[in-house]
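Notes follow the structure.
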Amino acid sequence: MSVPAEPQPAPTPSRPSNPPHTTVEDIAAAADATVVPAADGQHRMVTGVDLRAQSILDGDLFAALAGSTAHGASFAGDAIERGAVAIFTDSAGLEILQRQFPVLPVPVLVHDQPRTVLGDMSALVYGRPSEKMTVVGITGTSGKTTTAYLLEAALTAAGRRTGLIGTIETKIAGTRVPSALTTPEAPQLHALFALMLERGLDTVVMEVSSHALSLGRVDGTVFSVAAFTNLSQDHLDFHGTLEDYFLAKSRLFAADSRVRSQSACVCVDDDWGRRMADVAASGGSDVITVSVTGSADWTVADWAPDPSGAQTFTLLGPGGGRHHASIRLPGRYNVANAVLAAAICDSAGVDVQRAVPGMKEVDVPGRVQRISRGQNFLAVVDYAHKPAAVEAVIETLRKQTTGRVAVVLGAGGNRDTTKRAPMGAAGARGADLLVITDDNPRSEDPAAIREAVLLGAMSLAPEDRGEVRNVEGRGNAISEAVRWAQDGDVVLVAGKGHETGQEIGGVKYPFDDRVVLADAIDRKIGQQAGATS
């Protein structure tokens, strides 16, 4: 049984201050786990869950799961010293614990597949907070972050008290917390839900990655609305095929999924979206479709892009509803994101007329983000790191200039190798100058990654591609593109967006495309000023 706890010490930024108290027996029963009692037979109440021994607080259940290089049970001693009152693990973990502790100091809950029940267990420990709020999950290859930001602003404008969980940051009652994962692990996620509920929030907008769906990070979450943006090649190092990638995304909509949403909003501008709408309908969800290219429940009319990049349009909703809208973000694909955000508001029972004005001033860090230092050319940083996303952002920028376009991009190491050549081809096809450089090489040889991207670029016929350069060092590549730019041109630095580090050889070094691009522009302006003085 879960009962209110006595006031706790000051919470960490992602924990509620007054969590429920839950018995080990109740947790074991809910998870269908076997309890191996502590030597003294005593059970303390559980008030939290964590996967990391170094993050354990007094009263926590330590989820000691098998990792890629070590088993979490090996760190149980540290967790117990920090206050863990119980351990959740598998049979291999129990053996490790019994070797470490001939006399078990805390009870151990054992399950053959602990990760499959960790989400539900975490939800129980934190009082099932997602059931008491409107939780919106947004999935898809591109557009999740932008849609989430537009939706958060729209919901707030309509009077909802809204939280955000995503790639760039987590927002809790106006407090911003950097995000390490698009979707946190299940214990952290349910702790966040509990904290948001405690702070009086009634709605949560969250990005849901395919990894999170495959690895059970959102298990135990009750989604009121799920949304799908689009699907294109990404993460095939993890999923293997586009079909498997799609099936992972479909867990938010499929009939046999434990996290199937009650309602679904699906962009049907591609074949994958139309298929996902069918999956959602077959699963019993109420389905609302969205399109900027064809017929759907929500569409657009009177689209008018401005040279500044801003766009105005009319949202056409069910029953003849018309809502004038404007966004600062350029690109037809961002109109699709805005329409999807409006449809989600409608599905969540929010007054769309009140919500839509909230989207007008939204900027998204690292998404078509302009860097203005007084230069005579347009400089943009964008997170595009998939071939389709690169093509889309180049097409958008082409429409905003009569000048030339330079693109700086690379590909990440230890990730899907099959998209490297298509990344090079997409950049070379759309740019007048493509500067191939390093992204996050991680443990791979940066030169080998650049060569794979270069191979894709050079696979195009000379008449179908722009000039291609291979430049070692991301900072050097950005500077080279800036030196090349003339009045009216565009420099796009793609791939890392909002990221503030670059991972090379297992070390993450400080690196922010926005800062480096600004510095390169400042140097050019300074050199030009010096030359004319």
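Identifiers in this document derive from the order of the structure tokens: chains are assigned A, B, ..., residues are numbered from 1 separately in each chain, and ligands are numbered from 1 in order of occurrence.
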
**Asked** Counting only C-alpha atoms, what is within 10 Å of Gly456 of chain A, bar same-chain residues fewer than 6 positions away, as an MDAnalysis selection string?
**Response** chainID A and resid 419:428

**Request:** From the DSSP assignment of the backbone, select every residue of segment 321-489 of chain A that is alpha helix (DSSP H), and format the answer as a PyMOL selection string.
**Result:** chain A and resi 332-347+352-355+387-398+420-430+446-458+474-484

**Message:** Quick check for you: according to DSSP on this backbone, which residues of segment 325-400 of chain A are classed as strand (DSSP E)? Reply as a VMD selection string.
**Reply:** chain A and resid 325 to 327 369 to 370 378 to 382

Can you spit out the residues from that selection as a tab-separated table (two decimals), in the first residue's frame, using all heavy atoms?
chain	number	residue	atom	x	y	z
A	325	ALA	N	-2.81	31.63	-37.69
A	325	ALA	CA	-1.61	31.29	-36.92
A	325	ALA	C	-0.37	31.89	-37.56
A	325	ALA	O	-0.34	32.15	-38.78
A	325	ALA	CB	-1.45	29.77	-36.83
A	326	SER	N	0.64	32.11	-36.74
A	326	SER	CA	1.94	32.55	-37.25
A	326	SER	C	3.03	31.95	-36.38
A	326	SER	O	2.85	31.75	-35.18
A	326	SER	CB	2.04	34.08	-37.28
A	326	SER	OG	1.97	34.61	-35.96
A	327	ILE	N	4.16	31.64	-37.00
A	327	ILE	CA	5.33	31.14	-36.28
A	327	ILE	C	6.58	31.83	-36.80
A	327	ILE	O	6.61	32.28	-37.96
A	327	ILE	CB	5.48	29.61	-36.42
A	327	ILE	CG1	5.55	29.19	-37.89
A	327	ILE	CG2	4.36	28.88	-35.68
A	327	ILE	CD1	5.83	27.71	-38.10
A	369	GLN	N	18.48	27.91	-36.02
A	369	GLN	CA	18.80	29.04	-35.13
A	369	GLN	C	19.75	30.00	-35.83
A	369	GLN	O	20.86	29.63	-36.23
A	369	GLN	CB	19.41	28.55	-33.82
A	369	GLN	CG	19.66	29.68	-32.83
A	369	GLN	CD	20.09	29.16	-31.46
A	369	GLN	OE1	20.03	27.96	-31.18
A	369	GLN	NE2	20.54	30.06	-30.62
A	370	ARG	N	19.33	31.25	-35.97
A	370	ARG	CA	20.13	32.26	-36.67
A	370	ARG	C	21.21	32.81	-35.75
A	370	ARG	O	20.95	33.10	-34.57
A	370	ARG	CB	19.23	33.39	-37.14
A	370	ARG	CG	18.18	32.96	-38.14
A	370	ARG	CD	17.06	33.98	-38.23
A	370	ARG	NE	15.99	33.45	-39.06
A	370	ARG	CZ	15.69	33.91	-40.27
A	370	ARG	NH1	16.33	34.93	-40.77
A	370	ARG	NH2	14.71	33.36	-40.96
A	378	LEU	N	23.50	35.17	-44.16
A	378	LEU	CA	22.70	34.46	-43.16
A	378	LEU	C	23.51	33.29	-42.61
A	378	LEU	O	24.05	32.47	-43.38
A	378	LEU	CB	21.41	33.95	-43.80
A	378	LEU	CG	20.46	33.13	-42.92
A	378	LEU	CD1	19.95	33.95	-41.74
A	378	LEU	CD2	19.29	32.61	-43.75
A	379	ALA	N	23.60	33.18	-41.29
A	379	ALA	CA	24.30	32.08	-40.64
A	379	ALA	C	23.31	31.34	-39.76
A	379	ALA	O	22.62	31.94	-38.94
A	379	ALA	CB	25.47	32.60	-39.82
A	380	VAL	N	23.27	30.01	-39.91
A	380	VAL	CA	22.26	29.21	-39.23
A	380	VAL	C	22.89	27.95	-38.66
A	380	VAL	O	23.73	27.31	-39.30
A	380	VAL	CB	21.13	28.81	-40.22
A	380	VAL	CG1	20.17	27.83	-39.59
A	380	VAL	CG2	20.39	30.05	-40.71
A	381	VAL	N	22.46	27.59	-37.44
A	381	VAL	CA	22.84	26.31	-36.83
A	381	VAL	C	21.59	25.45	-36.74
A	381	VAL	O	20.53	25.92	-36.31
A	381	VAL	CB	23.44	26.52	-35.43
A	381	VAL	CG1	23.60	25.20	-34.69
A	381	VAL	CG2	24.79	27.22	-35.53
A	382	ASP	N	21.69	24.18	-37.16
A	382	ASP	CA	20.53	23.30	-37.10
A	382	ASP	C	20.98	21.89	-36.70
A	382	ASP	O	22.09	21.46	-37.01
A	382	ASP	CB	19.81	23.25	-38.44
A	382	ASP	CG	18.46	22.57	-38.32
A	382	ASP	OD1	17.51	23.23	-37.85
A	382	ASP	OD2	18.35	21.38	-38.67

**Request:** One decimal, Å: what's the distance from atom CA of Val106 of chain A over to atom CA of Tyr126 of chain A, could you say?
**Result:** 20.6 Å

**Message:** Quick one: residues within 10 Å of segment 306-317 of chain A, only C-alpha atoms, excluding same-chain residues fewer than 2 positions away - as a PyMOL selection string?
**Reply:** chain A and resi 290+292+296-304+319-332+334-335+338-339+342-343+346+352+356+360-361+368+396-397+399-401

**Prompt:** What does the distance between atom CA of Gly466 of chain A and atom CA of Gly488 of chain A come to in Å, to one decimal place?
**Reply:**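 Going from atom CA of Gly466 of chain A over to atom CA of Gly488 of chain A, I get 17.6 Å.
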
Please tabulate, as JSON lines, the residues of segment 132-175 of chain A that come within 8 Å of segment 249-259 of chain A, each with its closest pair of atoms and the distance in Å to one decimal, counting only C-alpha atoms and ordering rows by chain, then residue number upward.
{"residue": "A:Gly137", "atom": "CA", "partner": "A:Leu252", "partner_atom": "CA", "distance": 7.9}
{"residue": "A:Thr139", "atom": "CA", "partner": "A:Lys249", "partner_atom": "CA", "distance": 6.7}
{"residue": "A:Gly140", "atom": "CA", "partner": "A:Lys249", "partner_atom": "CA", "distance": 7.0}

How would the residues just chosen look if you wrote them out with C-alpha atoms as a CSV table (one decimal), in the first residue's frame?
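out.csv, freshly written:
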chain,number,residue,atom,x,y,z
A,137,GLY,CA,4.1,11.7,-26.0
A,139,THR,CA,7.5,10.5,-31.4
A,140,GLY,CA,8.9,10.4,-35.0

**Message:** If I take atom CA of Ala336 of chain A and atom CA of Thr229 of chain A, how far is one from the other in Å, to one decimal?
**Reply:**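 Separation between atom CA of Ala336 of chain A and atom CA of Thr229 of chain A: 8.3 Å.
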
**Request:** Name the closest residue to Phe377 of chain A among the candidates A:Trp484, A:Tyr333, A:Phe88, A:Phe228; distances are taken between atoms, counting only C-alpha atoms.
**Result:**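 Smallest distance to Phe377 of chain A is found for A:Trp484.
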
**Request:** Find, counting only C-alpha atoms, the residue in A:Asn337, A:Thr134, A:Ile172, A:Leu155 that gets nearest to Ala227 of chain A.
**Result:**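 For Ala227 of chain A, the nearest of the given residues is A:Asn337.
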
**Close residues, Thr141 of chain A itself excluded, 12 Å, only C-alpha atoms, min 3 positions apart in chain, as number ranges by chain** = A: 138, 144-147, 207-211, 227-236, 242, 245-246, 248-249, 272-273, 384-389

**Asked** What lies within 12 Å of Asp112 of chain A using only C-alpha atoms, ignoring chain neighbours under 4 positions off, as a VMD selection string?
**Response** chain A and resid 31 to 34 65 to 66 88 to 94 116 to 118

**Proximity to Ser263 of chain A - best of A:Thr293, A:Ser347, A:Thr203, A:Ser130, only C-alpha atoms** =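 Checking each of A:Thr293, A:Ser347, A:Thr203, A:Ser130 against Ser263 of chain A, counting only C-alpha atoms, the winner is A:Ser347.
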